[in-house]
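Shown next: upload-v6.cif, containing mmCIF, C-alpha atoms.
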data_protein
loop_
_atom_site.label_atom_id
_atom_site.label_comp_id
_atom_site.auth_asym_id
_atom_site.auth_seq_id
_atom_site.Cartn_x
_atom_site.Cartn_y
_atom_site.Cartn_z
CA MET A 1 0.00 0.00 0.00
CA LEU A 2 2.78 2.44 0.92
CA ALA A 3 4.59 1.79 -2.35
CA ALA A 4 1.42 2.42 -4.34
CA VAL A 5 0.75 5.69 -2.53
CA MET A 6 4.35 6.85 -3.02
CA ALA A 7 4.23 6.09 -6.73
CA ALA A 8 0.94 7.93 -7.18
CA SER A 9 1.76 10.95 -5.03
CA GLY A 10 4.16 12.48 -7.54
CA VAL A 11 1.64 12.69 -10.34
CA PHE A 12 -1.81 12.84 -8.83
CA LEU A 13 -2.25 16.54 -9.51
CA ASP A 14 -1.64 16.07 -13.20
CA ARG A 15 -4.21 13.26 -13.26
CA SER A 16 -6.80 14.84 -10.98
CA GLU A 17 -10.05 16.37 -12.12
CA ILE A 18 -9.73 19.63 -13.99
CA ASP A 19 -9.81 22.62 -11.67
CA ARG A 20 -13.34 24.04 -11.75
CA THR A 21 -12.17 27.58 -11.09
CA PRO A 22 -13.98 29.75 -13.66
CA VAL A 23 -11.94 30.94 -16.58
CA GLY A 24 -12.52 34.48 -15.32
CA GLU A 25 -9.38 33.84 -13.28
CA ARG A 26 -7.34 33.11 -16.40
CA ALA A 27 -5.23 35.73 -18.14
CA SER A 28 -6.95 35.35 -21.51
CA PHE A 29 -9.87 37.61 -20.61
CA ARG A 30 -10.07 41.26 -21.62
CA THR A 31 -12.72 42.28 -19.11
CA GLY A 32 -13.50 40.81 -15.73
CA ALA A 33 -13.38 41.30 -11.98
CA TRP A 34 -11.71 40.15 -8.79
CA PHE A 35 -13.46 40.01 -5.43
CA CYS A 36 -11.49 40.46 -2.20
CA PRO A 37 -13.43 39.89 1.08
CA HIS A 38 -10.39 40.77 3.21
CA GLY A 39 -12.05 42.15 6.35
CA GLY A 40 -10.36 44.43 8.86
CA ALA A 41 -10.82 46.23 12.19
CA ALA A 42 -10.62 49.72 13.65
CA GLY A 43 -7.21 51.23 13.01
CA TRP A 44 -6.08 48.61 10.49
CA ARG A 45 -4.67 49.44 7.07
CA GLY A 46 -5.46 47.57 3.88
CA TRP A 47 -4.11 47.40 0.33
CA ILE A 48 -4.73 45.63 -2.89
CA VAL A 49 -1.72 44.79 -5.04
CA LEU A 50 -2.26 44.47 -8.79
CA ALA A 51 0.05 43.22 -11.52
CA ASN A 52 -0.39 43.46 -15.28
CA PRO A 53 1.68 40.77 -17.05
CA GLY A 54 0.44 41.82 -20.50
CA ASP A 55 1.80 44.12 -23.17
CA ARG A 56 -0.83 46.88 -23.01
CA ALA A 57 -2.18 49.18 -20.32
CA VAL A 58 -5.28 48.03 -18.45
CA GLN A 59 -8.03 50.25 -17.03
CA VAL A 60 -9.05 49.39 -13.46
CA ARG A 61 -11.97 50.39 -11.24
CA THR A 62 -12.02 49.51 -7.54
CA THR A 63 -15.11 49.56 -5.34
CA SER A 64 -14.69 49.26 -1.57
CA ILE A 65 -17.79 48.16 0.33
CA THR A 66 -18.68 47.62 3.98
CA SER A 67 -21.73 46.69 6.04
CA THR A 68 -22.96 50.30 5.95
CA GLY A 69 -22.33 53.46 3.99
CA ALA A 70 -21.84 54.24 0.34
CA PRO A 71 -19.21 52.36 -1.69
CA GLU A 72 -15.89 54.10 -2.38
CA VAL A 73 -15.00 54.00 -6.09
CA SER A 74 -11.64 54.74 -7.69
CA SER A 75 -10.46 54.44 -11.31
CA PHE A 76 -6.91 54.31 -12.64
CA SER A 77 -4.66 52.63 -15.22
CA ILE A 78 -1.85 50.13 -14.75
CA GLY A 79 0.81 49.98 -17.44
CA PRO A 80 2.10 46.87 -19.21
CA ARG A 81 4.32 44.53 -17.17
CA ARG A 82 3.85 46.63 -14.06
CA GLN A 83 2.72 46.20 -10.48
CA LEU A 84 0.79 48.70 -8.38
CA TYR A 85 -0.35 48.99 -4.74
CA ARG A 86 -3.56 50.83 -3.83
CA GLU A 87 -4.68 51.48 -0.27
CA VAL A 88 -8.27 50.41 0.52
CA PRO A 89 -10.47 50.71 3.62
CA ALA A 90 -10.04 47.91 6.18
CA ALA A 91 -11.71 49.33 9.28
CA GLU A 92 -14.32 46.64 9.99
CA PRO A 93 -14.69 42.85 9.72
CA GLY A 94 -16.98 43.21 6.70
CA ALA A 95 -14.57 45.32 4.64
CA ALA A 96 -14.20 44.09 1.05
CA THR A 97 -12.93 45.35 -2.30
CA GLN A 98 -14.08 44.63 -5.85
CA VAL A 99 -11.55 45.15 -8.66
CA GLU A 100 -12.85 45.42 -12.25
CA TYR A 101 -10.46 45.45 -15.21
CA PHE A 102 -11.03 46.53 -18.82
CA GLY A 103 -9.01 46.11 -22.00
CA GLY A 104 -6.63 43.53 -20.60
CA TRP A 105 -6.06 41.37 -17.53
CA VAL A 106 -4.59 41.92 -14.07
CA GLY A 107 -3.98 39.68 -11.09
CA VAL A 108 -4.94 40.93 -7.63
CA ALA A 109 -4.28 40.06 -3.97
CA ALA A 110 -5.38 41.84 -0.78
CA LEU A 111 -3.27 42.70 2.28
CA THR A 112 -4.15 43.88 5.77
CA VAL A 113 -1.96 45.12 8.63
CA THR A 114 -3.13 45.36 12.24
CA SER A 115 -2.82 48.48 14.38
CA ALA A 116 -0.71 46.86 17.13
CA ASP A 117 2.68 48.26 18.15
CA ARG A 118 4.18 45.13 16.57
CA PRO A 119 1.70 44.66 13.74
CA ALA A 120 0.65 41.35 12.25
CA ILE A 121 0.01 41.04 8.51
CA ALA A 122 -2.32 38.96 6.36
CA ALA A 123 -2.43 38.27 2.62
CA GLN A 124 -5.42 36.97 0.69
CA ARG A 125 -5.75 35.67 -2.84
CA CYS A 126 -8.89 37.21 -4.37
CA ALA A 127 -11.64 35.29 -6.19
CA GLY A 128 -12.45 35.69 -9.87
CA ALA A 129 -16.18 34.90 -9.64
CA PRO A 130 -19.04 34.05 -7.27
CA HIS A 131 -19.75 30.34 -6.77
CA GLY A 132 -22.60 28.05 -5.78
CA GLU A 133 -20.97 27.23 -2.42
CA TRP A 134 -18.00 28.32 -0.35
CA PHE A 135 -15.86 26.57 2.28
CA LEU A 136 -13.59 27.94 5.01
CA LEU A 137 -11.65 25.35 7.02
CA ASP A 138 -9.63 27.37 9.51
CA ALA A 139 -11.95 29.38 11.73
CA PRO A 140 -10.53 29.23 15.29
CA THR A 141 -12.90 30.25 18.08
CA ALA A 142 -11.12 28.91 21.17
CA ARG A 143 -9.94 31.16 24.01
CA ASP A 144 -8.32 34.41 22.78
CA GLN A 145 -9.26 33.57 19.17
CA THR A 146 -11.89 35.34 17.08
CA ALA A 147 -13.02 34.17 13.65
CA TYR A 148 -15.18 35.97 11.09
CA VAL A 149 -16.80 34.94 7.84
CA VAL A 150 -16.76 37.86 5.41
CA VAL A 151 -19.74 37.62 3.03
CA MET A 152 -19.41 40.07 0.15
CA ASN A 153 -22.30 41.03 -2.13
CA PRO A 154 -21.18 43.74 -4.58
CA PHE A 155 -24.05 42.97 -6.92
CA ALA A 156 -27.28 44.87 -7.62
CA ALA A 157 -29.65 42.39 -5.92
CA ALA A 158 -29.86 41.17 -2.33
CA ALA A 159 -28.57 37.69 -1.55
CA ALA A 160 -29.65 35.07 0.98
CA VAL A 161 -27.25 32.37 2.20
CA ASP A 162 -27.31 29.39 4.55
CA VAL A 163 -24.32 28.96 6.87
CA VAL A 164 -23.42 25.53 8.27
CA LEU A 165 -20.69 25.10 10.91
CA ARG A 166 -18.88 21.79 11.51
CA THR A 167 -16.39 20.64 14.13
CA GLU A 168 -15.04 17.18 14.94
CA GLU A 169 -17.93 16.75 17.39
CA ARG A 170 -20.97 18.56 15.98
CA ILE A 171 -22.78 20.18 13.06
CA VAL A 172 -24.49 23.51 13.77
CA ALA A 173 -26.88 25.42 11.50
CA PRO A 174 -27.78 28.56 13.48
CA GLY A 175 -31.32 29.78 12.88
CA THR A 176 -30.19 33.37 12.41
CA LEU A 177 -27.82 32.21 9.65
CA THR A 178 -30.28 29.99 7.75
CA PRO A 179 -30.95 32.09 5.82
CA LEU A 180 -28.90 35.21 6.28
CA VAL A 181 -29.75 38.14 4.01
CA VAL A 182 -26.87 40.22 2.61
CA PRO A 183 -28.16 43.47 1.08
CA ALA A 184 -27.06 44.54 -2.39
CA GLY A 185 -23.81 46.47 -2.41
CA ARG A 186 -22.89 45.40 1.11
CA SER A 187 -20.34 43.15 2.80
CA ILE A 188 -20.80 41.79 6.31
CA GLY A 189 -18.57 40.09 8.87
CA ILE A 190 -20.16 37.22 10.81
CA ARG A 191 -18.50 36.67 14.21
CA LEU A 192 -18.42 32.89 14.54
CA ASN A 193 -17.67 32.97 18.27
CA ASP A 194 -21.30 34.01 18.75
CA PHE A 195 -22.40 30.60 17.43
CA VAL A 196 -19.65 28.04 18.14
CA VAL A 197 -16.81 28.10 20.66
CA LEU A 198 -14.34 25.28 20.18
CA GLY A 199 -14.33 22.97 23.17
CA PHE A 200 -12.54 19.86 24.38
CA GLY A 201 -11.64 17.54 21.50
CA GLU A 202 -12.35 20.22 18.88
CA ARG A 203 -9.45 21.61 16.83
CA THR A 204 -11.28 22.48 13.63
CA LEU A 205 -14.22 24.73 12.80
CA ALA A 206 -15.21 24.43 9.14
CA VAL A 207 -17.73 26.77 7.53
CA GLN A 208 -19.93 26.10 4.51
CA VAL A 209 -21.81 29.01 2.94
CA VAL A 210 -24.47 28.14 0.36
CA PRO A 211 -26.19 30.98 -1.55
CA LYS A 212 -29.93 30.34 -1.84
CA VAL A 213 -30.79 33.60 -3.59
CA GLY A 214 -28.38 35.86 -5.44
CA ARG A 215 -24.58 35.72 -5.52
CA VAL A 216 -21.85 36.25 -2.92
CA VAL A 217 -18.10 35.86 -2.45
CA VAL A 218 -16.80 34.57 0.88
CA GLY A 219 -13.56 34.99 2.80
CA GLY A 220 -12.28 34.28 6.28
CA LEU A 221 -10.61 36.52 8.87
CA ASP A 222 -9.05 35.10 12.05
CA VAL A 223 -7.60 37.24 14.84
CA SER A 224 -5.65 36.23 17.95
CA PRO A 225 -3.00 37.99 20.07
CA GLY A 226 -0.13 38.91 17.76
CA SER A 227 -1.65 37.19 14.73
CA VAL A 228 -4.08 37.77 11.88
CA ARG A 229 -4.95 35.30 9.13
CA SER A 230 -7.05 35.91 6.03
CA GLU A 231 -7.94 33.66 3.10
CA ILE A 232 -10.49 33.45 0.32
CA GLY A 233 -13.10 30.72 0.58
CA LEU A 234 -12.70 27.55 -1.47
CA PRO A 235 -15.45 27.06 -4.08
CA GLY A 236 -15.70 23.29 -3.82
CA PRO A 237 -14.02 19.97 -3.07
CA GLN A 238 -11.36 18.30 -5.24
CA THR A 239 -9.65 14.90 -5.28
CA GLY A 240 -6.23 16.45 -4.70
CA TRP A 241 -4.55 19.60 -3.39
CA SER A 242 -0.99 20.91 -3.59
CA PHE A 243 0.50 23.60 -1.36
CA ALA A 244 3.60 25.79 -1.66
CA ALA A 245 4.66 28.07 1.21
CA LYS A 246 7.57 28.63 3.57
CA GLY A 247 6.96 28.98 7.29
CA ILE A 248 8.65 28.06 10.55
CA GLY A 249 8.07 24.61 12.03
CA GLY A 250 5.46 22.04 11.13
CA TRP A 251 2.29 22.31 9.10
CA THR A 252 -1.29 21.44 9.96
CA VAL A 253 -3.90 20.69 7.30
CA PRO A 254 -7.59 21.16 8.25
CA SER A 255 -9.70 18.95 5.97
CA LEU A 256 -13.40 18.36 5.28
CA SER A 257 -15.27 15.60 3.46
CA PRO A 258 -18.54 17.40 2.61
CA GLY A 259 -20.29 14.55 0.82
CA PRO A 260 -22.31 11.52 2.00
CA VAL A 261 -19.34 9.17 1.47
CA GLY A 262 -16.10 9.47 3.42
CA ALA A 263 -12.66 9.94 1.91
CA GLU A 264 -9.46 7.92 2.29
CA LEU A 265 -6.59 10.42 2.33
CA SER A 266 -2.83 10.33 1.97
CA PHE A 267 -0.48 13.18 2.83
CA VAL A 268 3.00 13.80 1.44
CA ALA A 269 5.39 16.49 2.67
CA GLN A 270 7.67 18.31 0.24
CA SER A 271 11.03 19.95 0.91
CA PRO A 272 14.18 20.78 -1.07
CA ALA A 273 15.22 17.14 -0.58
CA GLY A 274 12.07 15.85 -2.30
CA GLN A 275 8.89 14.12 -1.20
CA GLN A 276 8.55 12.48 2.17
CA LEU A 277 5.80 9.94 2.68
CA LEU A 278 4.25 10.12 6.14
CA PRO A 279 3.48 6.53 7.26
CA ASP A 280 0.92 7.62 9.88
CA LEU A 281 -0.88 9.72 7.24
CA SER A 282 -0.60 7.43 4.21
CA ASP A 283 -4.16 6.08 4.49
CA VAL A 284 -6.40 7.93 6.92
CA THR A 285 -10.18 8.08 6.95
CA LEU A 286 -12.23 11.26 6.87
CA GLU A 287 -15.83 10.38 7.71
CA PRO A 288 -18.80 11.70 5.69
CA GLU A 289 -19.32 15.38 6.57
CA GLY A 290 -16.36 14.96 8.89
CA VAL A 291 -13.63 17.48 9.66
CA ARG A 292 -10.14 16.84 11.04
CA THR A 293 -6.87 18.69 11.35
CA PHE A 294 -3.82 16.64 10.39
CA ALA A 295 -0.32 17.51 11.66
CA LEU A 296 2.62 17.26 9.24
CA ASP A 297 5.73 17.63 11.38
CA VAL A 298 8.56 17.60 8.83
CA GLU A 299 11.73 19.66 9.13
CA GLY A 300 12.29 22.07 6.26
CA GLN A 301 8.83 21.52 4.78
CA GLU A 302 7.91 23.97 2.01
CA GLY A 303 5.03 22.13 0.35
CA ALA A 304 2.44 19.40 0.81
CA LEU A 305 0.32 17.08 -1.32
CA VAL A 306 -3.09 15.82 -0.23
CA ARG A 307 -4.66 13.01 -2.24
CA SER A 308 -8.04 11.28 -1.98
CA ILE A 309 -7.17 7.63 -2.57
CA ASN A 310 -10.79 6.60 -3.17
CA ARG A 311 -11.42 9.66 -5.40
CA ARG A 312 -13.98 11.18 -3.03
CA PRO A 313 -13.48 14.96 -3.26
CA VAL A 314 -12.42 16.84 -0.16
CA VAL A 315 -11.67 20.41 0.87
CA ALA A 316 -8.30 21.13 2.48
CA THR A 317 -6.25 24.14 3.49
CA ALA A 318 -2.91 24.59 5.27
CA ARG A 319 -1.93 26.43 8.43
CA LEU A 320 1.66 27.58 8.99
CA ALA A 321 3.45 29.44 11.75
CA GLY A 322 5.90 32.29 11.37
CA SER A 323 8.84 33.24 13.55
CA GLY A 324 6.63 35.08 16.05
CA ASN A 325 2.96 34.66 16.97
CA ASP A 326 1.73 35.53 13.50
CA GLY A 327 0.61 32.66 11.27
CA VAL A 328 -1.08 32.04 7.95
CA THR A 329 -3.89 30.10 6.39
CA ILE A 330 -3.12 29.33 2.75
CA ASN A 331 -5.17 27.53 0.13
CA GLY A 332 -3.70 25.01 -2.25
CA ALA A 333 -4.08 24.39 -5.96
CA ALA A 334 -6.20 21.58 -7.37
CA ARG A 335 -3.71 21.12 -10.22
CA SER A 336 -0.35 22.42 -11.37
CA TYR A 337 0.37 24.91 -14.17
CA ARG A 338 3.30 26.06 -16.28
CA ARG A 339 2.71 29.78 -15.76
CA TRP A 340 1.95 31.67 -12.55
CA LEU A 341 1.65 35.28 -11.50
CA VAL A 342 2.83 35.40 -7.88
CA LEU A 343 1.83 38.59 -6.07
CA PRO A 344 3.69 39.70 -2.93
CA ALA A 345 2.40 38.72 0.50
CA LEU A 346 3.71 41.98 1.98
CA PRO A 347 2.44 45.56 2.31
CA PRO A 348 4.19 48.27 0.27
CA THR A 349 6.27 49.21 3.31
CA GLY A 350 8.35 46.12 2.56
CA GLY A 351 9.85 43.15 4.37
CA THR A 352 11.49 39.86 3.44
CA ALA A 353 9.79 38.28 0.42
CA SER A 354 10.19 34.70 -0.79
CA LEU A 355 9.01 32.92 -3.92
CA VAL A 356 8.11 29.26 -3.28
CA VAL A 357 7.82 26.78 -6.16
CA SER A 358 6.66 23.19 -5.67
CA ASN A 359 7.05 20.48 -8.31
CA PRO A 360 4.52 17.67 -7.72
CA GLY A 361 5.47 15.78 -10.89
CA LEU A 362 7.93 13.07 -11.90
CA GLU A 363 10.24 15.17 -14.10
CA SER A 364 12.31 18.26 -13.43
CA ALA A 365 10.83 21.71 -13.93
CA ARG A 366 13.02 24.36 -15.56
CA VAL A 367 11.85 27.71 -14.23
CA THR A 368 12.46 31.32 -15.22
CA VAL A 369 11.22 34.26 -13.17
CA GLU A 370 10.49 37.80 -14.36
CA LEU A 371 10.06 40.45 -11.67
CA LEU A 372 7.44 43.19 -12.13
CA GLY A 373 7.63 46.44 -10.17
CA GLU A 374 5.87 49.79 -10.33
CA ALA A 375 8.38 51.01 -12.93
CA GLY A 376 8.14 47.85 -15.03
CA PRO A 377 10.24 44.67 -15.40
CA MET A 378 13.30 44.42 -13.16
CA PRO A 379 16.61 42.71 -14.01
CA SER A 380 16.80 39.26 -12.39
CA GLU A 381 19.65 37.31 -13.99
CA ARG A 382 19.95 34.92 -11.05
CA LEU A 383 16.32 33.87 -11.62
CA GLU A 384 16.61 33.05 -15.32
CA ALA A 385 17.70 29.39 -15.29
CA LEU A 386 16.37 27.55 -12.26
CA THR A 387 15.64 23.87 -11.72
CA VAL A 388 13.10 22.29 -9.38
CA PRO A 389 13.70 18.51 -9.15
CA PRO A 390 10.80 16.03 -9.23
CA GLY A 391 8.76 16.09 -6.02
CA ALA A 392 10.89 18.87 -4.53
CA THR A 393 10.51 22.54 -3.63
CA ARG A 394 12.69 25.57 -4.09
CA VAL A 395 12.59 28.96 -2.36
CA TRP A 396 14.20 32.15 -3.65
CA GLN A 397 14.34 35.43 -1.76
CA LEU A 398 13.07 38.26 -3.94
CA PRO A 399 14.45 41.80 -3.91
CA GLY A 400 12.28 44.88 -3.69
CA ASP A 401 12.39 47.71 -6.20
CA ASP A 402 14.63 50.76 -5.84
CA GLU A 403 12.34 52.07 -3.08
CA GLY A 404 12.21 48.75 -1.24
CA VAL A 405 8.63 48.03 -2.37
CA PRO A 406 7.92 44.28 -2.82
CA VAL A 407 7.48 43.07 -6.40
CA SER A 408 5.47 40.43 -8.25
CA ALA A 409 6.98 37.38 -9.96
CA LEU A 410 5.94 36.02 -13.33
CA VAL A 411 6.90 32.33 -13.20
CA ARG A 412 7.30 30.20 -16.33
CA SER A 413 8.09 26.49 -16.24
CA THR A 414 9.11 24.07 -18.98
CA GLY A 415 9.12 20.35 -18.41
CA ALA A 416 6.95 19.68 -15.37
CA SER A 417 4.16 22.03 -14.37
CA VAL A 418 4.43 23.53 -10.89
CA VAL A 419 2.60 25.26 -8.03
CA ALA A 420 3.88 28.69 -6.96
CA GLY A 421 3.20 30.97 -4.01
CA SER A 422 4.76 33.74 -1.96
CA SER A 423 5.68 34.13 1.69
CA GLY A 424 6.60 37.36 3.43
CA SER A 425 7.80 38.45 6.85
CA VAL A 426 8.17 41.82 8.55
CA GLY A 427 10.61 41.88 11.47
CA GLU A 428 10.12 39.09 13.97
CA ASP A 429 6.33 39.33 14.16
CA GLY A 430 4.56 39.83 10.82
CA PHE A 431 4.14 36.80 8.56
CA ALA A 432 1.88 36.15 5.56
CA ALA A 433 1.65 33.86 2.54
CA THR A 434 -0.57 33.43 -0.49
CA LEU A 435 -1.00 31.14 -3.47
CA GLY A 436 -0.14 32.59 -6.87
CA VAL A 437 -2.60 33.09 -9.73
CA PRO A 438 -2.34 30.51 -12.54
CA LEU A 439 -2.17 31.84 -16.09
#
Would it be possible to restate this file's structure as structure tokens?
Amino acid sequence: MLAAVMAASGVFLDRSEIDRTPVGERASFRTGAWFCPHGGAAGWRGWIVLANPGDRAVQVRTTSITSTGAPEVSSFSIGPRRQLYREVPAAEPGAATQVEYFGGWVGVAALTVTSADRPAIAAQRCAGAPHGEWFLLDAPTARDQTAYVVVMNPFAAAAAVDVVLRTEERIVAPGTLTPLVVPAGRSIGIRLNDFVVLGFGERTLAVQVVPKVGRVVVGGLDVSPGSVRSEIGLPGPQTGWSFAAKGIGGWTVPSLSPGPVGAELSFVAQSPAGQQLLPDLSDVTLEPEGVRTFALDVEGQEGALVRSINRRPVVATARLAGSGNDGVTINGAARSYRRWLVLPALPPTGGTASLVVSNPGLESARVTVELLGEAGPMPSERLEALTVPPGATRVWQLPGDDEGVPVSALVRSTGASVVAGSSGSVGEDGFAATLGVPL
């Protein structure tokens, strides 16, 4: 059994079901939108970071919405092969930003920074479309932890959603959240501690949001002393997930089997040395509608593969720690690609930025990286001929521009397709990471 799992683990992403992410998140579109339910709190600062990998200027319109008040609208242009930061409101848990683009394509991520003396940071990949359901798997509500679901409705009609909460011990469908009405042009933050507080034997709170009327986009915001985590909701289960990120210490992977049949899962850790099969996690059962958090304690880990052996789709995310109290929740990719736009996981004030590339395949990936800053492409000779061996990961520290502002990375791979993400740290306390955008 172990030999079969090891043989399959290197290629399961290339053989898994096609990623159902709408093509609105692909770079071939000339008009589209990104939706960023990033949240916030009093005194926080927020930004969106945009990158245009194309050869023509793109017109952009941003709309910031909250639970009350009129939307804030701004229009501007981003030149070819350039990156741009724009500050956005992030003063309440329901804060969200819509980014529309015209005449080209841009990738977008959202960033928030707390108001503490030693601020924590969070990065969030934005969504390219509303979906028929949303999942959040890392919503901690134990002592000193507060979790929010950010439900964003930038559209012209009101929406109604049902919210279901699951832990290892119970399933809760609060009456006030079934349904919950989200007015048109509004975004709300649902404080999950008001409905479920994690107790003994509970490590995982998973959230499922199902629109019954209208359309919404969902994100998560988690706050604890010295830490903030933010991530976009996942639109549905898959038979495999791949993660690429660099943290400190071991990983944990909250997982959910949302269907009526349980899943048999295997987990593989990835590092610069290659894949490492985890005997205790090579064939574990996730019961129907069950949630569990799995610990992957591997030194030097920079990636992970999760596979459903019996092909029952699951939802999974990863939780990593930084050097201080700050941590991250980062989604994985349901398949690998040969081109990625990797946006920085840092605010424009800078920090230490890393590009993380994971190769889940059986052949080497030959990678080139082009850096995009506010002034355009930046020289990066040391990133022009890179190799990621089969099953391994590689991490490269990225420079900022002449002003120290973090930059985006346009990643191209020949040979094997890859998964790419970014990690960023500020001092000894701030830490964030995000998955790149496939092209």
For the point (-12.1, 45.1, -15.3) in the file's frame, write as a ChimeraX atom specification all residues with an atom no more than 9 Å away, counting all atoms listed in the file. /A:30-34,58-62,99-106
Please expand the PyMOL selection byres ((chain A and resi 407) around 6) into the concrete residues it hits in this file, giving the result as JSON, numbers by chain. {"A": [372, 373, 400, 406, 408]}
Excluding same-chain residues fewer than 2 positions from region 314-318 of chain A, what lies within 8 Å of it counting only C-alpha atoms, as a PyMOL selection string? chain A and resi 135+137-138+234+236-241+243+251-258+263+306+308+312+320+329-332
Nearby residues (all atoms listed in the file) at most 10 Å from Gly376 (chain A), same-chain spacing under 6 positions excluded, as a PDB file with C-alpha atoms, keeping the file's coordinate frame:
ATOM      1  CA  ALA A  51       0.050  43.220 -11.520  1.00  0.00           C
ATOM      2  CA  ASN A  52      -0.390  43.460 -15.280  1.00  0.00           C
ATOM      3  CA  PRO A  53       1.680  40.770 -17.050  1.00  0.00           C
ATOM      4  CA  GLY A  79       0.810  49.980 -17.440  1.00  0.00           C
ATOM      5  CA  PRO A  80       2.100  46.870 -19.210  1.00  0.00           C
ATOM      6  CA  ARG A  81       4.320  44.530 -17.170  1.00  0.00           C
ATOM      7  CA  ARG A  82       3.850  46.630 -14.060  1.00  0.00           C
ATOM      8  CA  GLN A  83       2.720  46.200 -10.480  1.00  0.00           C
ATOM      9  CA  LEU A  84       0.790  48.700  -8.380  1.00  0.00           C
ATOM     10  CA  ASP A 401      12.390  47.710  -6.200  1.00  0.00           C
ATOM     11  CA  VAL A 407       7.480  43.070  -6.400  1.00  0.00           C
TER      12      VAL A 407
END
I'd like the neighbourhood of Gly351 (chain A) as a ChimeraX atom specification, where a residue qualifies if any of its atoms comes within 10 Å (using only C-alpha atoms), though same-chain residues fewer than 2 positions away should be ignored. /A:345-349,353-354,399-400,404-406,424-427,430-431
Tell me which residues the PyMOL selection byres ((chain A and resi 114) around 8) grabs here, as a count of residues only. 12
Quick one: of A:Ala184, A:Ala269, A:Val284, A:Val217, who's nearest to Ala127 (chain A), counting all atoms listed in the file? A:Val217
Pick out the residues sitting within 10 Å of Ala158 (chain A), and hand them over as a VMD selection string; count only C-alpha atoms, and ignore anything fewer than 5 positions along from it in its own chain. chain A and resid 153 181 to 186 213 to 216
Between CA of Ala392 (chain A) and CA of Thr204 (chain A), what distance in Å does the model show, to one decimal? 28.9 Å
Using all atoms listed in the file, can you tell me which of A:Arg319, A:Arg335, A:Arg56, A:Arg203 comes closest to Thr167 (chain A)?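 The closest residue to Thr167 (chain A) is A:Arg203.
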Residues within 10 Å of (6.3, 14.5, -17.2), counting only C-alpha atoms, listed as a PyMOL selection string: chain A and resi 11+14+361-365+390+415-417
Where does the PyMOL selection byres ((chain A and resi 422) around 9) land in this file, that is, which residues does it pick, as a tab-separated table (two decimals) with C-alpha atoms, in the frame of the given file?
chain	number	residue	atom	x	y	z
A	244	ALA	CA	3.60	25.79	-1.66
A	245	ALA	CA	4.66	28.07	1.21
A	246	LYS	CA	7.57	28.63	3.57
A	342	VAL	CA	2.83	35.40	-7.88
A	343	LEU	CA	1.83	38.59	-6.07
A	344	PRO	CA	3.69	39.70	-2.93
A	345	ALA	CA	2.40	38.72	0.50
A	353	ALA	CA	9.79	38.28	0.42
A	354	SER	CA	10.19	34.70	-0.79
A	355	LEU	CA	9.01	32.92	-3.92
A	356	VAL	CA	8.11	29.26	-3.28
A	357	VAL	CA	7.82	26.78	-6.16
A	420	ALA	CA	3.88	28.69	-6.96
A	421	GLY	CA	3.20	30.97	-4.01
A	423	SER	CA	5.68	34.13	1.69
A	424	GLY	CA	6.60	37.36	3.43
A	432	ALA	CA	1.88	36.15	5.56
A	433	ALA	CA	1.65	33.86	2.54
A	434	THR	CA	-0.57	33.43	-0.49
A	435	LEU	CA	-1.00	31.14	-3.47
A	436	GLY	CA	-0.14	32.59	-6.87
Which centre and edge lengths in Å to one decimal define the box along x, y and z that fits every listed atom of region 247-254 of chain A plus 6 Å per side, as JSON?
{"center_x": 0.5, "center_y": 24.8, "center_z": 9.7, "size_x": 28.2, "size_y": 20.3, "size_z": 16.7}
